[in-house]
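Just below is one structure, and these are the notes that go with it.
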Amino acid sequence: MKNLFKISALSLGLTLTGAVSAVDLCSVTYQVQSNWGSGAQLQLSVINNGASINNPTFSWNYTGNESLVSFWNASSVTQSGKTFTAIDNGNVSTGGSFDLNVIINNPGIAPNDFFLNGVNCKTTVGASSS
C-alpha cells in the first residue's frame with residue numbers, strides 16, 4: 001500500500017508584501033512509492049505557481065536520520081545534515097511542474113518543510129493511501 005502525502009501551499013493563506021508568498025509559490029506531492037523498513041523510494045512532484053523559474057532549486061528537511069542513497073529525474077540531489085537539495089536544469093514555467101525521485105535509508109516521518117528557490121512552502125501534511 002502506498003502512502004501519499006499531499007502538500008498544498010494554498011492552505012496557508014499567507015501574504016508577503018514585496019515578495020512571492022508561499023501561497024503563490026508551489027504545491028508539492030510527496031509520495032512513498034516503496035518502503036522496505038531500512039529504506040524507501042520516494043517521488044516528489046512540484047508545481048510552480050509563481051513566475052517562471054530557470055534551473056529551480058528545491059529542498060526539504062527531515063527530522064530523523066534519513067540519508068540519501070540515489071536519485072533520478074533531477075540534475076543533482078545533495079544532502080547536508082537533515083536538508084536534501086535538488087536542482088533541476090531547465091525552465092519551469094508558471095503552472096509547470098517537475099518530478100524527482102530519491103531512495104533514502106532510515107525513512108521516518110515525512111518532511112513538512114519544503115522550499116522552492118529558498119522560499120518556504122511549508123504546509124500541513126495530509127495522508128491518504130492508494
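Ordering of the C-alpha cells sets the chain letters (A, B, ...); residue numbers start at 1 within each chain; ligands are numbered from 1 in the order shown.
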
Check which residues of stretch 47-70 of chain A sit at most 7 Å from stretch 85-99 of chain A using only C-alpha atoms, and return one row each with the closest pair of atoms and their distance in Å to one decimal, ordered by chain and rising number, as a Markdown table.
| residue | atom | partner | partner_atom | distance |
| --- | --- | --- | --- | --- |
| A:Ile47 | CA | A:Ser97 | CA | 4.2 |
| A:Asn48 | CA | A:Gly95 | CA | 5.3 |
| A:Asn49 | CA | A:Gly95 | CA | 5.2 |
| A:Gly50 | CA | A:Thr94 | CA | 5.7 |
| A:Ala51 | CA | A:Thr94 | CA | 5.3 |
| A:Ser52 | CA | A:Ser93 | CA | 4.1 |
| A:Ile53 | CA | A:Val92 | CA | 5.2 |
| A:Asn54 | CA | A:Asn91 | CA | 4.3 |
| A:Asn55 | CA | A:Asn89 | CA | 4.6 |
| A:Pro56 | CA | A:Asp88 | CA | 5.6 |
| A:Thr57 | CA | A:Ile87 | CA | 4.6 |
| A:Phe58 | CA | A:Ala86 | CA | 5.2 |
| A:Ser59 | CA | A:Thr85 | CA | 4.2 |
| A:Trp60 | CA | A:Thr85 | CA | 6.7 |

Could you save the residues just selected, with N, CA and C atoms, as a PDB file, in the first residue's frame?
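selection29.pdb written:
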ATOM      1  N   ILE A  47       4.752  21.648  -8.351  1.00  0.00           N
ATOM      2  CA  ILE A  47       4.078  22.521  -9.307  1.00  0.00           C
ATOM      3  C   ILE A  47       4.459  23.952  -8.974  1.00  0.00           C
ATOM      4  N   ASN A  48       4.965  24.669  -9.964  1.00  0.00           N
ATOM      5  CA  ASN A  48       5.360  26.066  -9.787  1.00  0.00           C
ATOM      6  C   ASN A  48       4.151  26.966 -10.040  1.00  0.00           C
ATOM      7  N   ASN A  49       3.682  27.636  -9.008  1.00  0.00           N
ATOM      8  CA  ASN A  49       2.562  28.571  -9.136  1.00  0.00           C
ATOM      9  C   ASN A  49       3.033  30.015  -9.241  1.00  0.00           C
ATOM     10  N   GLY A  50       4.336  30.225  -9.142  1.00  0.00           N
ATOM     11  CA  GLY A  50       4.906  31.566  -9.223  1.00  0.00           C
ATOM     12  C   GLY A  50       5.399  31.853 -10.635  1.00  0.00           C
ATOM     13  N   ALA A  51       6.271  32.824 -10.740  1.00  0.00           N
ATOM     14  CA  ALA A  51       6.858  33.198 -12.025  1.00  0.00           C
ATOM     15  C   ALA A  51       7.719  32.056 -12.559  1.00  0.00           C
ATOM     16  N   SER A  52       7.948  32.069 -13.843  1.00  0.00           N
ATOM     17  CA  SER A  52       8.801  31.074 -14.482  1.00  0.00           C
ATOM     18  C   SER A  52      10.170  31.036 -13.792  1.00  0.00           C
ATOM     19  N   ILE A  53      10.714  29.824 -13.604  1.00  0.00           N
ATOM     20  CA  ILE A  53      11.984  29.655 -12.900  1.00  0.00           C
ATOM     21  C   ILE A  53      12.945  28.881 -13.797  1.00  0.00           C
ATOM     22  N   ASN A  54      14.142  29.427 -13.964  1.00  0.00           N
ATOM     23  CA  ASN A  54      15.186  28.733 -14.705  1.00  0.00           C
ATOM     24  C   ASN A  54      16.099  28.025 -13.708  1.00  0.00           C
ATOM     25  N   ASN A  55      16.339  26.742 -13.896  1.00  0.00           N
ATOM     26  CA  ASN A  55      17.173  25.926 -13.004  1.00  0.00           C
ATOM     27  C   ASN A  55      16.707  26.001 -11.545  1.00  0.00           C
ATOM     28  N   PRO A  56      15.461  25.595 -11.270  1.00  0.00           N
ATOM     29  CA  PRO A  56      14.942  25.708  -9.905  1.00  0.00           C
ATOM     30  C   PRO A  56      15.697  24.832  -8.914  1.00  0.00           C
ATOM     31  N   THR A  57      15.800  25.338  -7.695  1.00  0.00           N
ATOM     32  CA  THR A  57      16.371  24.589  -6.578  1.00  0.00           C
ATOM     33  C   THR A  57      15.224  24.272  -5.622  1.00  0.00           C
ATOM     34  N   PHE A  58      15.090  23.004  -5.289  1.00  0.00           N
ATOM     35  CA  PHE A  58      14.020  22.549  -4.420  1.00  0.00           C
ATOM     36  C   PHE A  58      14.648  21.808  -3.256  1.00  0.00           C
ATOM     37  N   SER A  59      14.244  22.132  -2.033  1.00  0.00           N
ATOM     38  CA  SER A  59      14.825  21.452  -0.874  1.00  0.00           C
ATOM     39  C   SER A  59      13.749  21.115   0.146  1.00  0.00           C
ATOM     40  N   TRP A  60      14.098  20.164   1.003  1.00  0.00           N
ATOM     41  CA  TRP A  60      13.196  19.738   2.057  1.00  0.00           C
ATOM     42  C   TRP A  60      14.036  19.235   3.221  1.00  0.00           C
TER      43      TRP A  60
END

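Rounded to one decimal, atom CA of A:Asn120 and atom CA of A:Ser38 lie 29.0 Å from each other.
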
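In this model, the gap between atom CA of A:Asn65 and atom CA of A:Phe84 comes to 12.0 Å.
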
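Within the 8 Å cut-off around A:Asn35, using only C-alpha atoms and omitting residues fewer than 5 positions from it on the same chain, the listed residues are Ala40, Gln41 and Pro107 of chain A.
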
Residues of stretch 29-85 of chain A classed as strand (DSSP E or B) by DSSP on the backbone are to be reported as an MDAnalysis selection string. chainID A and resid 29:35 39:48 53:54 57:61 67:72 76:80 83:85

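Using only C-alpha atoms, the nearest neighbour of A:Asn105 within the list A:Ser34, A:Ser45, A:Asn73, A:Thr29 is A:Ser34.
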
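Note that the spacing between atom CA of A:Leu100 and atom CA of A:Ser75 amounts to 9.5 Å.
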